[in-house]
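Novice: Here you go, structure_26.cif (mmCIF, C-alpha atoms):
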data_data
loop_
_atom_site.label_atom_id
_atom_site.label_comp_id
_atom_site.auth_asym_id
_atom_site.auth_seq_id
_atom_site.Cartn_x
_atom_site.Cartn_y
_atom_site.Cartn_z
CA MET A 1 74.09 -35.00 51.74
CA SER A 2 76.23 -31.92 51.22
CA ASP A 3 76.17 -29.93 48.00
CA ASP A 4 79.51 -28.24 48.49
CA LEU A 5 81.31 -26.51 45.67
CA ILE A 6 84.63 -28.31 45.25
CA ILE A 7 87.50 -26.58 43.46
CA GLY A 8 90.95 -28.13 43.45
CA GLY A 9 90.03 -30.25 46.47
CA LYS A 10 88.83 -27.27 48.49
CA ARG A 11 85.19 -27.20 49.65
CA PHE A 12 82.88 -24.20 49.78
CA LYS A 13 79.24 -23.78 50.79
CA SER A 14 78.65 -20.64 48.73
CA ARG A 15 78.42 -20.68 44.93
CA PHE A 16 78.66 -16.90 44.65
CA ILE A 17 82.15 -15.66 43.82
CA LEU A 18 82.57 -11.91 44.17
CA GLY A 19 84.69 -9.68 41.97
CA SER A 20 85.90 -7.07 44.41
CA GLY A 21 86.59 -4.25 41.96
CA LYS A 22 84.56 -1.01 41.87
CA PHE A 23 83.67 -1.00 45.59
CA SER A 24 84.93 1.22 48.38
CA LEU A 25 86.82 -0.73 51.05
CA GLU A 26 83.92 -0.47 53.49
CA MET A 27 81.37 -1.55 50.91
CA THR A 28 83.43 -4.62 50.01
CA GLU A 29 82.89 -6.01 53.49
CA LYS A 30 79.13 -5.39 53.41
CA VAL A 31 78.76 -7.00 50.00
CA ILE A 32 80.70 -10.07 51.08
CA ARG A 33 78.53 -10.50 54.16
CA ASN A 34 75.19 -9.90 52.40
CA GLY A 35 76.19 -12.12 49.52
CA GLY A 36 77.32 -14.99 51.74
CA VAL A 37 80.53 -14.87 49.70
CA GLU A 38 83.39 -17.22 50.55
CA ILE A 39 85.67 -16.47 47.58
CA ALA A 40 86.61 -12.97 46.42
CA THR A 41 88.93 -12.02 43.60
CA LEU A 42 91.67 -9.42 43.96
CA ALA A 43 94.14 -7.82 41.60
CA VAL A 44 97.88 -7.21 41.97
CA ARG A 45 99.05 -3.66 41.34
CA ARG A 46 101.91 -1.31 42.15
CA SER A 47 101.46 -0.20 45.72
CA ASN A 48 100.85 3.41 46.53
CA ALA A 49 102.92 4.96 49.26
CA ALA A 50 101.68 5.23 52.82
CA GLY A 51 98.24 6.42 53.79
CA GLU A 52 95.60 4.38 52.00
CA GLY A 53 93.84 1.47 53.62
CA ASN A 54 94.52 -2.02 52.34
CA ILE A 55 91.78 -4.29 51.09
CA LEU A 56 93.09 -7.19 53.18
CA ASP A 57 92.06 -5.26 56.30
CA HIS A 58 88.45 -5.28 55.02
CA MET A 59 88.18 -8.94 54.15
CA PRO A 60 86.22 -10.94 56.73
CA LYS A 61 88.17 -13.68 58.44
CA GLY A 62 88.06 -17.01 56.64
CA ILE A 63 87.42 -15.63 53.17
CA THR A 64 89.39 -17.26 50.36
CA LEU A 65 91.42 -14.73 48.37
CA LEU A 66 91.42 -15.49 44.66
CA PRO A 67 93.98 -13.31 42.88
CA ASN A 68 93.50 -12.65 39.20
CA THR A 69 96.30 -12.16 36.71
CA SER A 70 94.73 -9.04 35.23
CA GLY A 71 97.35 -6.94 33.48
CA ALA A 72 98.95 -10.03 31.95
CA ARG A 73 99.06 -10.08 28.16
CA ASN A 74 100.65 -13.52 27.91
CA ALA A 75 101.25 -16.69 29.91
CA ASP A 76 104.65 -15.60 31.25
CA GLU A 77 103.22 -12.38 32.68
CA ALA A 78 100.38 -14.39 34.21
CA LEU A 79 102.89 -16.65 35.99
CA ARG A 80 104.79 -13.62 37.26
CA ILE A 81 101.63 -12.08 38.72
CA ALA A 82 100.54 -15.40 40.23
CA ARG A 83 103.89 -15.70 42.01
CA LEU A 84 103.62 -12.16 43.36
CA ALA A 85 100.10 -12.90 44.59
CA ARG A 86 101.36 -15.99 46.40
CA GLU A 87 104.05 -13.86 48.00
CA LEU A 88 101.31 -11.45 49.12
CA GLY A 89 99.62 -14.19 51.12
CA CYS A 90 97.14 -15.63 48.64
CA GLY A 91 96.78 -19.40 48.47
CA ASP A 92 97.25 -21.55 45.41
CA MET A 93 93.98 -20.78 43.63
CA VAL A 94 94.55 -18.27 40.82
CA LYS A 95 92.11 -16.87 38.29
CA ILE A 96 94.01 -16.69 35.01
CA GLU A 97 93.04 -13.56 33.12
CA ILE A 98 94.99 -12.81 29.95
CA ILE A 99 93.59 -10.03 27.80
CA ARG A 100 95.08 -8.45 24.68
CA ASP A 101 92.04 -6.47 23.57
CA SER A 102 91.34 -3.21 25.33
CA ARG A 103 87.89 -2.52 23.95
CA TYR A 104 86.00 -5.75 24.59
CA LEU A 105 88.44 -7.18 27.16
CA LEU A 106 88.05 -10.63 25.65
CA PRO A 107 90.43 -13.24 27.06
CA ASP A 108 93.09 -14.85 24.87
CA ASN A 109 92.30 -18.57 24.97
CA ARG A 110 95.61 -19.61 23.40
CA GLU A 111 97.79 -17.83 25.96
CA THR A 112 95.41 -18.96 28.70
CA ILE A 113 95.93 -22.62 27.82
CA ARG A 114 99.69 -22.04 28.03
CA ALA A 115 99.25 -20.25 31.36
CA VAL A 116 97.29 -23.16 32.82
CA GLU A 117 100.30 -25.40 32.06
CA LEU A 118 102.85 -22.96 33.51
CA LEU A 119 100.85 -22.31 36.67
CA LYS A 120 100.04 -25.98 37.21
CA ASP A 121 103.75 -26.81 36.97
CA ASP A 122 104.49 -24.11 39.56
CA GLY A 123 102.07 -25.59 42.11
CA PHE A 124 99.07 -23.34 41.53
CA ILE A 125 95.39 -24.32 41.21
CA PRO A 126 94.57 -22.69 37.85
CA MET A 127 91.08 -21.31 37.18
CA PRO A 128 91.12 -19.93 33.65
CA TYR A 129 88.80 -17.12 32.57
CA MET A 130 88.06 -17.88 28.94
CA MET A 131 86.02 -17.24 25.81
CA PRO A 132 83.56 -20.16 25.75
CA ASP A 133 84.95 -22.61 23.20
CA LEU A 134 84.64 -26.32 23.95
CA THR A 135 87.95 -27.18 22.28
CA ALA A 136 89.85 -24.60 24.30
CA ALA A 137 88.08 -25.73 27.46
CA ARG A 138 89.22 -29.31 26.77
CA ASP A 139 92.80 -28.13 26.32
CA MET A 140 92.62 -26.20 29.60
CA ALA A 141 91.18 -29.22 31.40
CA ASP A 142 93.93 -31.45 29.96
CA ALA A 143 96.54 -28.89 31.06
CA GLY A 144 95.36 -29.14 34.66
CA ALA A 145 92.70 -26.48 35.16
CA ALA A 146 90.66 -26.90 38.35
CA ALA A 147 87.64 -25.09 36.91
CA ILE A 148 86.57 -23.43 33.68
CA MET A 149 85.39 -19.82 33.82
CA PRO A 150 83.64 -18.91 30.56
CA LEU A 151 82.38 -15.37 30.04
CA GLY A 152 78.70 -14.62 29.58
CA ALA A 153 79.25 -11.22 27.97
CA PRO A 154 82.00 -8.57 28.02
CA ILE A 155 83.32 -7.59 31.45
CA GLY A 156 81.28 -4.82 33.04
CA SER A 157 78.57 -4.88 30.37
CA ASN A 158 75.70 -6.35 32.44
CA LYS A 159 74.43 -7.90 29.16
CA GLY A 160 73.73 -11.37 30.54
CA ILE A 161 74.56 -14.82 29.24
CA LEU A 162 74.96 -14.03 25.53
CA THR A 163 77.13 -17.13 25.20
CA ARG A 164 74.66 -19.54 26.78
CA GLU A 165 74.67 -22.14 23.99
CA PHE A 166 78.46 -22.43 24.22
CA ILE A 167 78.46 -22.51 27.99
CA LYS A 168 75.91 -25.35 27.83
CA MET A 169 78.35 -27.35 25.70
CA ILE A 170 81.13 -26.89 28.25
CA VAL A 171 78.84 -27.87 31.14
CA GLU A 172 77.79 -30.97 29.22
CA GLU A 173 81.23 -32.15 28.07
CA ILE A 174 83.82 -31.02 30.63
CA ASP A 175 83.98 -32.72 34.01
CA LEU A 176 85.10 -29.65 35.95
CA PRO A 177 83.23 -26.92 37.80
CA VAL A 178 82.02 -24.37 35.24
CA ILE A 179 81.85 -20.86 36.68
CA VAL A 180 80.24 -18.15 34.54
CA ASP A 181 82.38 -15.05 34.94
CA ALA A 182 81.72 -11.65 33.30
CA GLY A 183 78.62 -10.12 31.87
CA ILE A 184 76.04 -11.30 34.38
CA GLY A 185 73.95 -8.20 35.04
CA ARG A 186 71.02 -9.24 37.19
CA PRO A 187 70.11 -11.94 39.70
CA SER A 188 67.81 -13.72 37.21
CA GLN A 189 70.83 -14.24 34.95
CA ALA A 190 72.83 -15.68 37.84
CA CYS A 191 69.87 -17.97 38.54
CA GLU A 192 69.81 -19.00 34.89
CA ALA A 193 73.50 -19.91 34.97
CA MET A 194 72.89 -22.18 37.94
CA GLU A 195 69.82 -23.75 36.29
CA LEU A 196 72.03 -24.60 33.30
CA GLY A 197 74.23 -26.66 35.59
CA CYS A 198 77.04 -24.23 36.26
CA ALA A 199 78.86 -24.86 39.52
CA ALA A 200 79.06 -21.20 40.55
CA VAL A 201 78.63 -17.66 39.35
CA MET A 202 81.02 -14.75 39.54
CA ALA A 203 79.71 -11.19 39.44
CA ASN A 204 81.11 -7.76 40.17
CA THR A 205 79.68 -4.86 38.14
CA ALA A 206 76.06 -6.04 38.48
CA ILE A 207 76.32 -5.45 42.21
CA ALA A 208 78.60 -2.42 42.10
CA THR A 209 76.35 -0.51 39.68
CA ALA A 210 73.06 -1.25 41.48
CA ARG A 211 71.29 1.58 43.24
CA ASP A 212 71.36 -0.26 46.57
CA VAL A 213 74.59 -2.20 46.48
CA PRO A 214 74.24 -4.30 49.66
CA ALA A 215 70.65 -5.21 48.77
CA MET A 216 71.76 -6.37 45.33
CA ALA A 217 74.36 -8.62 46.93
CA THR A 218 71.55 -10.19 48.94
CA ALA A 219 69.46 -10.63 45.79
CA PHE A 220 72.34 -12.37 44.05
CA ARG A 221 72.80 -14.74 46.97
CA MET A 222 69.13 -15.69 46.85
CA ALA A 223 69.11 -16.09 43.07
CA ILE A 224 72.15 -18.35 43.03
CA GLU A 225 70.66 -20.53 45.77
CA ALA A 226 67.34 -20.67 43.88
CA GLY A 227 69.04 -21.64 40.63
CA ARG A 228 71.08 -24.37 42.27
CA THR A 229 68.06 -25.76 44.12
CA ALA A 230 66.10 -25.78 40.85
CA TYR A 231 68.90 -27.54 39.00
CA LEU A 232 69.10 -30.26 41.66
CA ALA A 233 65.30 -30.54 41.67
CA GLY A 234 65.32 -31.31 37.94
CA LEU A 235 63.69 -28.74 35.66
CA GLY A 236 60.37 -29.71 34.10
CA ARG A 237 60.16 -30.57 30.41
CA VAL A 238 59.40 -28.04 27.70
CA LEU A 239 56.58 -28.60 25.20
CA GLU A 240 57.71 -27.08 21.93
CA ASN A 241 54.48 -26.90 19.92
CA ARG A 242 51.44 -27.72 21.97
CA ALA A 243 49.86 -27.20 25.36
CA GLU A 244 48.93 -29.75 27.96
CA ALA A 245 46.02 -28.88 30.25
CA SER A 246 46.82 -28.27 33.87
CA SER A 247 43.23 -28.64 35.07
CA PRO A 248 41.27 -31.93 34.82
CA LEU A 249 39.66 -32.86 31.53
CA THR A 250 36.65 -34.49 33.16
CA GLY A 251 33.89 -33.33 35.46
CA PHE A 252 32.98 -30.26 33.43
CA LEU A 253 29.70 -28.57 34.17
CA GLU A 254 26.83 -29.09 31.72
CA ARG A 255 26.76 -26.57 28.92
CA SER A 256 23.74 -25.34 26.93
CA HIS A 257 23.73 -26.02 23.16
CA ALA A 258 24.42 -22.31 22.52
CA GLN A 259 27.55 -22.51 24.68
CA THR A 260 28.65 -25.69 22.87
CA ASP A 261 28.43 -23.92 19.51
CA ARG A 262 30.57 -21.03 20.76
CA CYS A 263 33.15 -23.18 22.52
CA ARG A 264 34.55 -25.08 19.58
CA GLY A 265 37.60 -27.11 20.35
CA LEU A 266 37.00 -27.15 24.10
CA PRO A 267 36.72 -30.59 25.73
CA SER A 268 33.46 -31.76 27.22
CA GLU A 269 32.28 -35.16 28.32
CA HIS A 270 28.62 -34.41 27.44
CA GLY A 271 27.47 -35.08 23.87
CA ASP A 272 30.22 -33.32 22.03
CA ALA A 273 30.78 -35.77 19.21
CA GLY A 274 33.47 -34.29 17.04
CA LEU A 275 35.15 -32.46 19.91
CA ARG A 276 37.16 -35.48 20.98
CA ASP A 277 39.21 -37.94 18.96
CA HIS A 278 38.93 -41.68 19.44
CA GLY A 279 41.49 -41.66 22.17
CA GLY A 280 39.35 -39.29 24.16
CA ARG A 281 41.78 -36.42 23.63
CA PRO A 282 40.38 -33.00 22.82
CA ARG A 283 40.71 -31.98 19.19
CA SER A 284 42.00 -28.58 18.28
CA LYS A 285 39.78 -28.25 15.20
CA ILE A 286 36.09 -29.02 14.66
CA GLY A 287 34.41 -30.24 11.50
CA VAL A 288 37.61 -30.82 9.61
CA MET B 1 122.38 7.33 48.89
CA ILE B 2 121.59 4.72 46.26
CA ALA B 3 119.81 5.70 43.04
CA LEU B 4 117.04 3.22 42.34
CA ARG B 5 114.09 2.88 40.01
CA VAL B 6 111.04 2.10 42.15
CA ASN B 7 107.64 1.43 40.55
CA GLY B 8 108.82 3.19 37.41
CA GLU B 9 110.18 6.33 39.08
CA GLN B 10 113.63 7.45 40.17
CA LEU B 11 114.22 7.31 43.90
CA ALA B 12 117.25 8.02 46.08
CA LEU B 13 117.40 5.49 48.92
CA ASP B 14 118.88 6.71 52.20
CA GLY B 15 119.81 3.24 53.36
CA SER B 16 120.81 -0.04 51.76
CA THR B 17 118.25 -2.81 52.34
CA VAL B 18 114.76 -3.60 51.14
CA SER B 19 113.54 -2.94 54.70
CA ASP B 20 115.11 0.52 54.49
CA LEU B 21 113.31 1.17 51.21
CA LEU B 22 109.93 0.10 52.59
CA ALA B 23 110.41 2.22 55.70
CA GLN B 24 111.52 5.26 53.69
CA THR B 25 108.45 5.00 51.44
CA GLY B 26 106.03 4.30 54.28
CA ARG B 27 105.04 0.81 53.22
CA ASP B 28 103.97 -2.03 55.51
CA PRO B 29 106.20 -5.08 54.81
CA GLN B 30 103.25 -7.35 55.62
CA ARG B 31 101.13 -5.81 52.88
CA VAL B 32 103.53 -5.78 49.91
CA ALA B 33 105.55 -8.06 47.68
CA VAL B 34 108.87 -6.94 46.22
CA GLU B 35 110.55 -7.75 42.93
CA ILE B 36 114.17 -6.72 42.32
CA ASN B 37 115.29 -6.78 38.69
CA GLY B 38 112.47 -9.19 37.89
CA ASP B 39 113.05 -11.63 40.75
CA ILE B 40 110.87 -11.87 43.82
CA CYS B 41 112.57 -11.05 47.11
CA ARG B 42 111.03 -13.14 49.90
CA ARG B 43 109.61 -11.32 52.89
CA ALA B 44 112.05 -13.06 55.24
CA ASP B 45 114.94 -11.53 53.29
CA TYR B 46 113.80 -7.88 53.43
CA GLY B 47 116.14 -7.06 56.30
CA GLY B 48 119.19 -8.75 54.81
CA ARG B 49 118.87 -8.02 51.09
CA THR B 50 120.97 -5.03 50.01
CA LEU B 51 120.05 -2.99 46.99
CA ASN B 52 122.54 -1.82 44.36
CA GLU B 53 122.86 1.35 42.34
CA GLY B 54 120.54 1.17 39.35
CA ASP B 55 118.36 -1.68 40.65
CA SER B 56 114.81 -1.74 39.31
CA VAL B 57 112.32 -2.48 42.06
CA GLU B 58 108.62 -3.23 41.87
CA ILE B 59 106.60 -2.99 45.07
CA VAL B 60 103.09 -4.43 44.67
CA SER B 61 100.06 -5.05 46.81
CA LEU B 62 96.58 -6.56 46.55
CA VAL B 63 93.72 -4.30 45.50
CA GLY B 64 90.08 -4.76 44.61
CA GLY B 65 89.63 -6.32 41.19
CA GLY B 66 87.22 -8.56 39.28
#
Would you encode the structure as structure tokens?
Specialist:
Amino acid sequence: MSDDLIIGGKRFKSRFILGSGKFSLEMTEKVIRNGGVEIATLAVRRSNAAGEGNILDHMPKGITLLPNTSGARNADEALRIARLARELGCGDMVKIEIIRDSRYLLPDNRETIRAVELLKDDGFIPMPYMMPDLTAARDMADAGAAAIMPLGAPIGSNKGILTREFIKMIVEEIDLPVIVDAGIGRPSQACEAMELGCAAVMANTAIATARDVPAMATAFRMAIEAGRTAYLAGLGRVLENRAEASSPLTGFLERSHAQTDRCRGLPSEHGDAGLRDHGGRPRSKIGV
Amino acid sequence: MIALRVNGEQLALDGSTVSDLLAQTGRDPQRVAVEINGDICRRADYGGRTLNEGDSVEIVSLVGGG
């Protein structure tokens, strides 16, 4: 049975979405290949005059281009950028990114909800980048979002999933792919996002700021696969306030009386009255 | 010559169409999108669309971004 990622009716094998900023054109290609990436984000900017290479010439065939609306400060600007991106050859999937804060780059949920409506009405498949807030996520889902993209930590910070409790709520309550985007700084954090039940992970700076960039892309690919496999396998339960032995509680070797005195609280099947309760379970305290 | 504002700067176009503008500024029509006075000009219209004195043009392309 396939475990494809499905966004807006489109199917993908990879759950690693790459932010393509901060790489040289040549490195972008290597990262995409090592990461097994099928979706890469791009930005729309004023074009420079002749001479420079174009990123489209460095995208492997078959990759899905996901334009972001970075630069937009409100829903109308986001729609304008989405339309330009469509004109530039991108498909209908658009990452809505509306930011009015230049220090922390936090997204504006209110304008983003409005942008989901505008883009949906214009035939786009909206994927809103948002501050994790269940109520806002619900409004975005109701407005026609195809996915929810909550941030883990500020863009470029590599701080990890600071917002995990709020992302967990969205995963639990919203029936859309949840894609953690921003703040993931190491493969273990990408793995954690997948273990939480997220549908995919987006990362950019974590790879771009690594010492060995292509190797880090590989590490992210492995971590995302591991996290997804673990999630589907069903994570084991957590014991909050006690242990449960992993080795058998029977068949212990005979102990001398001196050893018995020293090993209080340890289970033994030989003459250790007081070390077990009536149910045969080892007691943690002796002589109480 | 037509005086235009292109990507925020003054430019004198030696020609009349969007195609002329892209050629003059060394841009590949297949790699850009064009907005004239806030409205997108479709790629198919680049050859036929004439520009007017004082038009404000934005020429954009895709770049790396997160």
Novice: Can you build me a table of chain A residues sitting at most 9 Å from chain B, with the closest atom pair per residue and its distance in Å to one decimal, using all atoms listed in the file, sorted by chain and residue number, as a Markdown table?
Specialist:
| residue | atom | partner | partner_atom | distance |
| --- | --- | --- | --- | --- |
| A:Leu18 | CA | B:Gly66 | CA | 7.5 |
| A:Gly19 | CA | B:Gly66 | CA | 3.9 |
| A:Ser20 | CA | B:Gly64 | CA | 4.8 |
| A:Gly21 | CA | B:Gly65 | CA | 3.8 |
| A:Lys22 | CA | B:Gly64 | CA | 7.2 |
| A:Phe23 | CA | B:Gly64 | CA | 7.5 |
| A:Ser24 | CA | B:Gly64 | CA | 8.7 |
| A:Leu25 | CA | B:Gly64 | CA | 8.3 |
| A:Thr28 | CA | B:Gly64 | CA | 8.6 |
| A:Ala40 | CA | B:Gly66 | CA | 8.4 |
| A:Thr41 | CA | B:Gly66 | CA | 5.8 |
| A:Leu42 | CA | B:Gly65 | CA | 4.6 |
| A:Ala43 | CA | B:Gly65 | CA | 4.8 |
| A:Val44 | CA | B:Leu62 | CA | 4.8 |
| A:Arg45 | CA | B:Val60 | CA | 5.3 |
| A:Arg46 | CA | B:Val60 | CA | 4.2 |
| A:Ser47 | CA | B:Val60 | CA | 4.7 |
| A:Asn48 | CA | B:Arg27 | CA | 8.3 |
| A:Ala49 | CA | B:Gly26 | CA | 5.9 |
| A:Ala50 | CA | B:Gly26 | CA | 4.7 |
| A:Gly51 | CA | B:Gly26 | CA | 8.1 |
| A:Asn54 | CA | B:Val63 | CA | 7.3 |
| A:Ile55 | CA | B:Val63 | CA | 5.9 |
| A:Leu56 | CA | B:Leu62 | CA | 7.5 |
| A:Pro67 | CA | B:Leu62 | CA | 8.1 |
| A:Asn68 | CA | B:Gly66 | CA | 7.5 |
| A:Ser70 | CA | B:Gly65 | CA | 8.3 |
| A:Arg80 | CA | B:Gly38 | CA | 8.9 |
| A:Arg83 | CA | B:Ile40 | CA | 8.2 |
| A:Leu84 | CA | B:Ala33 | CA | 6.3 |
| A:Ala85 | CA | B:Leu62 | CA | 7.5 |
| A:Glu87 | CA | B:Ala33 | CA | 6.0 |
| A:Leu88 | CA | B:Ala33 | CA | 5.6 |
| A:Gly89 | CA | B:Arg31 | CA | 8.7 |
| A:Ile155 | CA | B:Gly66 | CA | 8.8 |
| A:Ala182 | CA | B:Gly66 | CA | 8.7 |
| A:Met202 | CA | B:Gly66 | CA | 8.8 |
| A:Ala203 | CA | B:Gly66 | CA | 8.0 |
| A:Asn204 | CA | B:Gly66 | CA | 6.2 |
| A:Thr205 | CA | B:Gly66 | CA | 8.5 |
Novice: Determine the residue set returned by the PyMOL selection byres ((chain A and resi 170) around 9) for the present structure, and present it as a ChimeraX atom specification.
Specialist: /A:132-134,137-138,148,150,166-169,171-175,178
Novice: Could you state which residues are captured by the PyMOL selection byres ((chain B and resi 5) around 12) in this file, as a PyMOL selection string?
Specialist: chain B and resi 2-4+6-13+21+35-37+51-59
Novice: Please identify all polymer residues within 12 Å of Arg103 in chain A, counting only C-alpha atoms, omitting same-chain residues fewer than 6 positions from it, and present them as a list in words.
Specialist: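 My list of contacting residues is Pro154, Ile155, Gly156 and Ser157 of chain A.
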Novice: Save the residues we just selected, C-alpha atoms, as a short mmCIF file (atom, residue, chain, number, x, y, z; two decimals), in the frame of the given file?
Specialist:
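Heads up, here's the output in result_38.cif:
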data_model
loop_
_atom_site.label_atom_id
_atom_site.label_comp_id
_atom_site.auth_asym_id
_atom_site.auth_seq_id
_atom_site.Cartn_x
_atom_site.Cartn_y
_atom_site.Cartn_z
CA PRO A 154 82.00 -8.57 28.02
CA ILE A 155 83.32 -7.59 31.45
CA GLY A 156 81.28 -4.82 33.04
CA SER A 157 78.57 -4.88 30.37
#
Novice: Using the chain letters and numbers from the file, give me the residues hit by the PyMOL selection byres ((chain A and resi 209-225) around 6), as a JSON list (two decimals) with C-alpha atoms, keeping the file's coordinate frame.
Specialist:
[["chain", "number", "residue", "atom", "x", "y", "z"],
["A", 31, "VAL", "CA", 78.76, -7.00, 50.00],
["A", 34, "ASN", "CA", 75.19, -9.90, 52.40],
["A", 35, "GLY", "CA", 76.19, -12.12, 49.52],
["A", 187, "PRO", "CA", 70.11, -11.94, 39.70],
["A", 190, "ALA", "CA", 72.83, -15.68, 37.84],
["A", 191, "CYS", "CA", 69.87, -17.97, 38.54],
["A", 205, "THR", "CA", 79.68, -4.86, 38.14],
["A", 206, "ALA", "CA", 76.06, -6.04, 38.48],
["A", 207, "ILE", "CA", 76.32, -5.45, 42.21],
["A", 208, "ALA", "CA", 78.60, -2.42, 42.10],
["A", 226, "ALA", "CA", 67.34, -20.67, 43.88],
["A", 227, "GLY", "CA", 69.04, -21.64, 40.63],
["A", 228, "ARG", "CA", 71.08, -24.37, 42.27]]
Novice: Using only the atoms of range 37-49 of chain B listed in the file, plus 8 Å on each side, state the axis-aligned box centre and edge lengths in Å rounded to one decimal, as AutoDock Vina command-line options.
Specialist:
--center_x 114.4 --center_y -10.0 --center_z 47.1 --size_x 25.6 --size_y 22.4 --size_z 34.4
Novice: Which distance in Å separates CA of Asn158 in chain A and CA of Pro128 in chain A, to one decimal?
Specialist: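 The value is 20.6 Å.
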Novice: Find the distance between CA of Leu235 in chain A and CA of Thr250 in chain A and write it in Å to one decimal.
Specialist: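 Interatomic distance here is 27.8 Å.
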Novice: What does the structure give for the distance between CA of Ile17 in chain A and CA of Glu52 in chain A, in Å to one decimal?
Specialist: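 Separating CA of Ile17 in chain A from CA of Glu52 in chain A is a distance of 25.5 Å.
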Novice: Identify the residues within 7 Å of coordinate (98.2, -9.0, 25.0) (same frame as the file), considering all atoms listed in the file, and give the answer as a list in words.
Specialist: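 Counting all atoms listed in the file, I find these residues within 7 Å of (98.2, -9.0, 25.0): Arg73, Asn74, Ile99, Arg100 and Asp101 of chain A.
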Novice: I'd like the neighbourhood of Thr17 in chain B as a list in words, where a residue qualifies if any of its atoms comes within 9 Å (using all atoms listed in the file), though same-chain residues fewer than 6 positions away should be ignored.
Specialist: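 Listed by chain and then number, they are Tyr46, Gly47, Gly48, Arg49, Thr50 and Leu51 of chain B.
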Novice: Which one of A:Ala82, A:Ala72, A:Met131, A:Val180 sits closest to Leu119 in chain A if you count all atoms listed in the file?
Specialist: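 Closest candidate: A:Ala82.
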Novice: Need the shell around Pro177 in chain A: protein/DNA/RNA residues with any atom at most 10 Å away, counting all atoms listed in the file. Skip same-chain ones fewer than 3 positions apart. Format as a PyMOL selection string?
Specialist: chain A and resi 5-8+127+145-149+170-171+174+180+197-200
Novice: Could the residues in this selection be saved with C-alpha atoms as a compact mmCIF listing (two decimals), in the coordinates of the input?
Specialist:
# COMPACT_ATOMS: atom_id res chain seq x y z
CA LEU A 5 81.31 -26.51 45.67
CA ILE A 6 84.63 -28.31 45.25
CA ILE A 7 87.50 -26.58 43.46
CA GLY A 8 90.95 -28.13 43.45
CA MET A 127 91.08 -21.31 37.18
CA ALA A 145 92.70 -26.48 35.16
CA ALA A 146 90.66 -26.90 38.35
CA ALA A 147 87.64 -25.09 36.91
CA ILE A 148 86.57 -23.43 33.68
CA MET A 149 85.39 -19.82 33.82
CA ILE A 170 81.13 -26.89 28.25
CA VAL A 171 78.84 -27.87 31.14
CA ILE A 174 83.82 -31.02 30.63
CA VAL A 180 80.24 -18.15 34.54
CA GLY A 197 74.23 -26.66 35.59
CA CYS A 198 77.04 -24.23 36.26
CA ALA A 199 78.86 -24.86 39.52
CA ALA A 200 79.06 -21.20 40.55
